[in-house]
Structure formats: C-alpha cells, structure tokens
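Encoded as structure tokens, the structure appears first; notes follow it.
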Amino acid sequence: MTDTDILVVGAGPAGAAAAIAAARSGLRVTLLERGPFPGSKNMYGGVIYGRVLDGIIPRWWEEAPIQRWVTRRATMVLTPTQALTVDFRADAWGEPPYNGATAFRPDFDNWLAGHAVAAGAQLICSTTAVGLLRDDTGAVCGVRTDRPDGDLSARVVIACDGVNSFLAKEAGLYPHTAAEHFTVGVKETIALPRAVIDERFGLRGDHGADYEIIGCTGDIPGGGFLYTNRDTVAVGLVLRLPELAAQSRRPEELLADLKAHPAVQPLIEGGELLEYSAHVIPESGFEMMPELTCDGMVVAGDAAAMCLAAGIWLEGVNFAIGSGIAAGRAAVEAMRLGDTSVVGLAGYRRRVESDFVLTDHRKLAGIPELIMSPRVQRSYPQLAANVVERIFTVTNPVPKPGFGRIVRDELKASGVRLGDLARDAWRGMKGFG
Amino acid sequence: MTDYPSVSFEDRMERTEFRVAERAHITVDGDSCRGCTTKACVVACPANLFVPTSDGGILFNYEQCFECGTCYLVCNTEGAITWTYPDGGHGVVFRRT
Ligand SMILES: Cc1cc2nc3c(=O)[nH]c(=O)nc-3n(C[C@H](O)[C@H](O)[C@H](O)COP(=O)(O)OP(=O)(O)OC[C@H]3O[C@@H](n4cnc5c(N)ncnc54)[C@H](O)[C@@H]3O)c2cc1C
Ligand code: SF4
Ligand code: SF4
C-alpha cells in the first residue's frame with residue numbers, strides 16, 4: 001500500500017485547493033510544504049479575486065483573513081514627468097460577494113491550507129520534495145523528500161510547487177524555461193497609519209485601492225503596482241528578466257524611481273519599510289504552458305504557468321485555486337476508475353478547458369506579449385500622456401487646436417506608425433474583445 | 001528628486017526574516033563565472049548576493065536569498081549556478097507579502 005492516495009506538493013493556493021477538493025472525497029490526502037507554514041514562501045502584489053472559492057468554501061468572505069476589499073481600481077500610465085490615470089470606483093465591490101481583496105499571503109495561504117486539514121488532509125510542513133519516485137513503467141508514484149527516510153509514495157501526485165516547478169521539469173513536462181517567459185517582482189511593504197491611508201487614497205472602513213501602473217520601468221518591459229492593506233501599502237515592480245539583466249540598474253533602484261514619481265510619492269511618503277520581498281512570475285501564460293499531465297501526476301497553478309498576466313489584469317491566485325480544484329477532483333476520479341495514467345487523469349484537462357482557467361488563457365494568449373512590446377510599454381504611454389496634456393493646456397491667445405490635430409501631431413512626433421497601431425489595436429481587440 | 005527616506009541595502013534586507021540553513025542551497029562556480037561577460041546575476045538578483053571580484057569571478061553568499069529563481073534563469077553559463085531549495089523549514093519567511 002502507498003503512504004497516501006493523493007500527494008499534493010506545495011501548500012500555496014493551488015495545492016491547498018487541490019487538497020480540499022481531494023480530501024473531501026474521503027481518500028487519504030497529504031499536503032507537503034517546504035516552508036515552516038503555508039504561505040511563508042509566497043509573495044505577490046496583491047489582490048485576491050475570491051469568487052472561485054464559492055464552490056468550496058461557502059461565505060468564505062466571512063472568515064478569510066483579508067486586509068481590505070478593493071472598491072477602487074486605477075490604471076496609471078506614467079512617463080517620467082506625467083501621469084494619466086483611469087480611476088474607477090464601485091461601492092458594490094465592498095459588499096458580499098465582493099470582487100477583489102488585498103491580503104497577505106502568509107495569512108491567506110495558511111488559512112486556505114487550514115481548510116484542507118479540516119477536510120481531512122494531512123499537512124506536512126518544513127519538508128521539501130527533492131525528486132520524483134517512479135515505478136517500473138515510468139509512472140510517477142511519489143516524491144523523495146529531504147527528510148531522513150523521506151520517500152512518500154502515492155497513487156497520484158499533484159504538483160503545485162510554484163513557478164520554478166522542479167517536479168514538472170523533472171517529469172519532462174516543461175519545455176519553456178527561457179528567461180524571456182519570466183518576470184521578477186520586487187515589492188516593499190510600507191507601514192502607514194490606517195487613517196493616513198484612508199485619507200490619501202480616499203477610502204473608508206475596510207475599502208481598499210488597487211493601482212496597476214505602466215510606463216514606470218524604463219527600457220525594461222514590465223509594470224508597477226500599488227495596493228492598500230489595512231495599515232500598510234505595498235508598492236512594487238515586475239521586470240522582465242532578459243532586459244533587466246541586460247542593463248545596469250538594480251531592482252531596488254528602479255523601484256526607488258517609481259516611489260519618487262510625483263504621482264506616487266505623495267501616496268507613500270513618510271512610511272516605514274517593513275519588509276522587502278521578491279518572487280518570479282510565469283509571464284507568458286498560454287504560450288509557455290507545459291503538458292498538464294503524465295502517468296501518475298498532474299500540474300496546477302504557477303507550476304503550470306497558469307498565472308494570467310495581461311496588463312490590466314494580474315491574476316494568479318484565482319487561477320491557481322481554479323486549477324487546483326480541477327486537479328483534486330480529477331485525481332479522485334482517476335482513483336475511483338482505478339486508472340491513474342494520463343488516460344485516467346484526462347479529466348483534469350477537460351475541467352480546466354471548460355471553465356475560466358484555460359478559456360481565459362486561450363482567449364488572452366497573445367496579450368502578455370503585446371503588453372510587453374516596446375510600443376505598449378513606452379510609445380503609447382508617452383503618446384497618450386502628451387495628447388491629454390495638450391488637450392488640457394490652455395494656449396491663449398492661440399485658439400484651441402482640435403482633437404484631431406493634436407492626435408495627428410502627437411502621433412507624428414511619437415514615431416508610431418499607423419500600421420503598427422492598427423495591428424496592436426487588432427491584437428488587443430482579439431484578446432480583450 | 002525627492003527626500004524619500006532611503007534605507008541602506010543592508011537595512012532593507014534585515015527587515016525580512018531568513019532562517020539560515022547550514023547547507024548552502026545555491027552554489028556558484030567561480031571558475032565558470034570568469035569567462036562570463038554579461039554578469040547578468042549581479043544586476044538582476046533582487047537580494048544582491050552576487051558580488052564580482054577583481055579577478056573576474058563571483059563571490060556568492062546564500063544566506064539572505066528570496067529563493068526566487070531569477071539567477072539561474074538569467075545565467076547563460078551551463079554549470080555556473082547549482083540551484084536547489086533550502087532544506088525544509090529554512091530560508092526566507094515572509095510575513096506581510
Ligand atoms: C510580484 C507578484 C505580484 C503578483 N500579484 C498578484 C495579484 O495581485 N493577484 C493574484 O491573483 N496573483 C498575483 N500574482 C501571482 C500569484 O502570486 C501566483 O500566481 C500564485 O501564487 C500561484 O499559486 P500556486 O499555488 O500555484 O504557487 P505558489 O503560491 O508559488 O505556491 C507554491 C508552494 O509550493 C511550495 N513548494 C515549492 N516547491 C516545493 C517543494 N519542492 N517541496 C515542497 N513544497 C514546495 C512553496 O513553498 C509554495 O508554498 C503575483 C505574483 C508576483 C510574483
Ligand atoms: S552566475 Fe552566471 S551570470 Fe553570474 S557571473 Fe556567473 S556565469 Fe555569469
Ligand atoms: S534565488 Fe533570487 S534572491 Fe536567491 S540568489 Fe537567486 S536571484 Fe538572488
């Protein structure tokens with residue numbers, strides 16, 4: 001007999017959700033985590049979009065350890081001296097069933113893993129999976145760990161070991177590991193009194209704000225973010241690896257520039273740095289996804305590059321949870337069929353294909369690359385900011401130029417070719433439309 | 001620019017908790033680095049753990065590592081970086097991330 005029926009590696013959102021779904025079937029489920037507690041290794045922006053939890057934890061919002069409910073979403077387009085912000089508020093997002101919430105991952109992941117334990121899963125922390133076990137047919141049948149006598153055998157392994165997924169790589173499922181598919185995120189958690197945050201961001205009660213920022217990373221494709229927690233603000237950058245490595249300024253220096261931008265500095269000034277953190281994102285989404293299944297194993301969450309990084313959207317936790325639930329249910333189904341080969345585990349792919357996880361990724365397949373292109377990163381932000389600046393600049397005694405004239409002038413000055421603009425617009429429509 | 005209170009890099013890293021393991025989970029082969037012209041790790045490692053030496057090599061210390069993976073992803077020299085996770089329970093412990 002194997003040590004466990006279903007072994008989930010990694011107690012991030014994907015792994016915890018997989019363990020909840022699997023353990024509720026009554027099968028033996030083990031959830032393995034290398035950190036001292038779930039969430040201790042995990043960093044993100046961040047905002048969690050919780051609706052995906054409705055199906056496994058009814059009224060999750062009454063107990064989830066959240067910081068603030070996001071009722072204000074702003075997209076900021078920066079140039080070194082200008083800022084153009086689209087700022088949206090919705091009071092409805094401050095009431096059940098809510099939309100997004102800021103939360104600390106060490107709190108949130110720990111809470112979600114607690115539900116796996118409540119469902120009957122065995123949680124083992126401080127233990128790193130260091131390799132796969134295989135039977136004589138080559139099928140995955142467990143993992144080796146760094147504990148003495150640390151082999152753990154299982155009928156199905158669910159690899160939820162995050163962006164670097166050494167398990168998916170060892171299984172030969174992950175061909176796309178070139179640096180261009182990855183960004184690194186760096187973030188400062190900055191302490192400010194709650195009342196100061198409320199005032200600076202125009203918030204009340206437990207409402208929060210979420211800023212996505214483009215045009216703040218110089219020649220490096222990427223973006224920035226600013227999120228409000230209860231009495232801290234998170235400010236950070238994501239930077240594409242090859243271009244970061246090819247220039248001379250370090251991540252914390254680039255972040256210092258964002259913090260000093262005239263549109264950002266007043267929001268965070270005077271705050272004290274509480275924690276500095278970094279983590280890698282699988283940025284290319286659908287383009288870089290590995291095979292999802294092999295005999296005895298399925299891959300979910302960031303380990304399968306399921307994070308959606310589409311400019312205005314940065315959603316990984318909900319995609320991790322969605323794929324984790326699908327993986328857990330498919331593993332149970334395979335066990336019941338008595339077939340844990342790729343054939344028996346095919347229900348996993350069917351599930352993620354039919355719900356938002358792969359539907360959204362497939363539709364938005366070209367968007368991460370578009371967002372990272374030099375035009376979207378630099379030319380369009382500059383163009384948009386210049387057009388708006390001209391529209392609002394009063395030129396008396398010279399009469400106002402028409403919008404058409406301003407756009408023509410600025411387009412010309414920007415060097416953006418109409419053909420490229422049309423092509424980008426078409427690609428954008430295809431993904432977002 | 002502005003008068004945003006700046007913290008030294010050392011101070012910045014001290015605000016994050018690291019449970020340092022005895023075993024170095026990442027090792028860098030200085031000899032491989034001597035032929036490397038990009039030194040990509042030096043600018044990209046968010047924890048600033050790769051220090052170039054005067055003879056063209058690299059000095060590396062694993063202790064305050066975020067375990068992010070940036071270094072092995074940007075390094076193009078086969079064999080220069082040996083990268084594993086720290087032994088279970090060790091390494092970085094985030095709190096407000
Ligand atoms: C800078 C940044 C900003 C982001 N912002 C957002 C945001 O605002 N909203 C959002 O929804 N998403 C955001 N994301 C993406 C999101 O964080 C990820 O998509 C999500 O964490 C993926 O969940 P996961 O469970 O697949 O992987 P992870 O959260 O990475 O969890 C993997 C787990 O596996 C464990 N593990 C790894 N290897 C082993 C091993 N060998 N043995 C045992 N345990 C192991 C790890 O310790 C970890 O707990 C952001 C990411 C970054 C880096
Ligand atoms: S670790 Fe890699 S990138 Fe860094 S100096 Fe050595 S060979 Fe170059
Ligand atoms: S894993 Fe990240 S923090 Fe650690 S040495 Fe490599 S780049 Fe630096």
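FYI, nothing fancy with the structure tokens labels: chains A, B, ... in order, residues from 1 per chain, ligands from 1 as they appear.
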Define the interface residues of chain B facing chain A as those within 9 Å, counting only C-alpha atoms, and report them as a PDB file with C-alpha atoms, in the first residue's frame.
ATOM      1  CA  MET B   1      14.202  64.064  -6.956  1.00  0.00           C
ATOM      2  CA  THR B   2      12.564  63.810  -3.534  1.00  0.00           C
ATOM      3  CA  ASP B   3      13.543  63.387   0.060  1.00  0.00           C
ATOM      4  CA  TYR B   4      12.034  59.920   0.444  1.00  0.00           C
ATOM      5  CA  PRO B   5      13.809  58.359   3.410  1.00  0.00           C
ATOM      6  CA  SER B   6      16.260  55.913   1.917  1.00  0.00           C
ATOM      7  CA  VAL B   7      17.376  52.760   3.634  1.00  0.00           C
ATOM      8  CA  PHE B   9      20.565  47.781   1.231  1.00  0.00           C
ATOM      9  CA  ARG B  12      16.419  46.717   3.669  1.00  0.00           C
ATOM     10  CA  MET B  13      17.350  43.042   3.816  1.00  0.00           C
ATOM     11  CA  GLU B  14      17.302  42.984   7.599  1.00  0.00           C
ATOM     12  CA  ARG B  15      13.581  43.679   7.571  1.00  0.00           C
ATOM     13  CA  THR B  16      12.902  40.297   6.013  1.00  0.00           C
ATOM     14  CA  GLU B  17      13.243  37.126   8.092  1.00  0.00           C
ATOM     15  CA  THR B  38      27.278  39.550 -19.006  1.00  0.00           C
ATOM     16  CA  LYS B  39      27.443  39.038 -15.221  1.00  0.00           C
ATOM     17  CA  ALA B  40      23.660  39.055 -15.502  1.00  0.00           C
ATOM     18  CA  CYS B  41      23.190  37.782 -11.953  1.00  0.00           C
ATOM     19  CA  VAL B  42      24.933  40.813 -10.438  1.00  0.00           C
ATOM     20  CA  VAL B  43      22.335  43.328 -11.533  1.00  0.00           C
ATOM     21  CA  ALA B  44      19.304  41.027 -11.512  1.00  0.00           C
ATOM     22  CA  CYS B  45      19.462  39.228  -8.149  1.00  0.00           C
ATOM     23  CA  PRO B  46      16.971  41.178  -6.032  1.00  0.00           C
ATOM     24  CA  ALA B  47      18.880  40.245  -2.884  1.00  0.00           C
ATOM     25  CA  ASN B  48      22.204  41.453  -4.335  1.00  0.00           C
ATOM     26  CA  PHE B  66      14.459  35.079  -1.576  1.00  0.00           C
ATOM     27  CA  GLU B  67      14.550  31.686  -3.375  1.00  0.00           C
ATOM     28  CA  CYS B  68      13.038  33.418  -6.384  1.00  0.00           C
ATOM     29  CA  GLY B  69      14.944  31.705  -9.223  1.00  0.00           C
ATOM     30  CA  THR B  70      15.982  34.850 -11.082  1.00  0.00           C
ATOM     31  CA  LEU B  73      17.007  31.881 -15.202  1.00  0.00           C
ATOM     32  CA  VAL B  74      19.248  34.769 -16.358  1.00  0.00           C
ATOM     33  CA  CYS B  75      22.555  32.877 -16.199  1.00  0.00           C
ATOM     34  CA  THR B  84      18.111  23.961  -5.051  1.00  0.00           C
ATOM     35  CA  TYR B  85      15.595  24.967  -2.413  1.00  0.00           C
ATOM     36  CA  PRO B  86      16.872  25.273   1.157  1.00  0.00           C
ATOM     37  CA  ASP B  87      16.244  22.293   3.402  1.00  0.00           C
ATOM     38  CA  GLY B  88      12.652  22.203   4.631  1.00  0.00           C
ATOM     39  CA  GLY B  89      11.768  24.852   7.208  1.00  0.00           C
ATOM     40  CA  HIS B  90      14.777  27.027   6.379  1.00  0.00           C
ATOM     41  CA  GLY B  91      15.347  30.074   4.238  1.00  0.00           C
ATOM     42  CA  VAL B  92      13.141  33.093   3.767  1.00  0.00           C
ATOM     43  CA  VAL B  93       9.991  33.503   5.879  1.00  0.00           C
ATOM     44  CA  PHE B  94       7.630  36.168   4.588  1.00  0.00           C
ATOM     45  CA  ARG B  95       5.077  37.819   6.876  1.00  0.00           C
ATOM     46  CA  ARG B  96       3.437  40.753   5.140  1.00  0.00           C
ATOM     47  CA  THR B  97       3.670  39.810   1.492  1.00  0.00           C
TER      48      THR B  97
END
Discussion item. Just list as an MDAnalysis selection string whatever in range 233-413 of chain A DSSP marks as alpha helix (DSSP H).
Written reply: chainID A and resid 241:245 251:260 265:268 317:337 347:354 356:363 367:371 374 380:392 403:413
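A distance search around ligand 2 (8 Å at most, only C-alpha atoms and all ligand atoms) returns the following protein and nucleic acid residues: Val28, Asp29, Gly30, Ser32, Cys33, Arg34, Gly35, Cys36, Thr37, Thr38, Lys39, Ala40, Cys41, Val42, Phe50, Pro52, Gly57, Ile58, Cys71, Tyr72, Val74, Cys75, Asn76, Thr77, Glu78, Ala80 and Ile81 of chain B.
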Practice prompt. May I ask which of the residues B:Val51, B:Gly79, B:Asp31, B:His25 is the closest one to Glu63 in chain B, counting only C-alpha atoms?
Written response: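 Among the listed residues, B:His25 lies closest to Glu63 in chain B.
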Item to complete: One decimal, Å: what's the distance from CA of Ala83 in chain A over to CA of Tyr380 in chain A, could you say?
Response: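 Calculated distance between CA of Ala83 in chain A and CA of Tyr380 in chain A is 12.7 Å.
If you measure from each of A:Phe88, A:Phe432, A:Trp426, A:Phe392 to Trp313 in chain A using only C-alpha atoms, the closest one turns out to be A:Phe432.
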Discussion item. What's around His207 in chain A at 10 Å? Count only C-alpha atoms, leave out sequence neighbours fewer than 5 positions away in its own chain, and write the answer as a ChimeraX atom specification.
Written reply: /A:67-72,91,93-95,101-102,198,201-202,228-230
Worksheet item: Within 7 Å of range 362-373 of chain A, counting only C-alpha atoms, which residues qualify if same-chain residues fewer than 3 places away don't, as number ranges by chain?
Response: A: 221-222, 283-287, 309-311, 358-359, 376-377, 428, 431-432
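Here CA of Ile391 in chain A is placed at a distance of 7.6 Å from CA of Ile406 in chain A.
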Worksheet item: CA of Asp3 in chain A to CA of Ser165 in chain A: how many Å, to one decimal?
Response: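 Computing the Euclidean distance for CA of Asp3 in chain A and CA of Ser165 in chain A yields 22.6 Å.
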Worksheet entry | Contacts of Ile20 in chain A at 10 Å (only C-alpha atoms; same-chain gap of 2+ positions) as a ChimeraX atom specification | /A:15-18,22-25,29,31,56-57,112-121,324-325,328-329
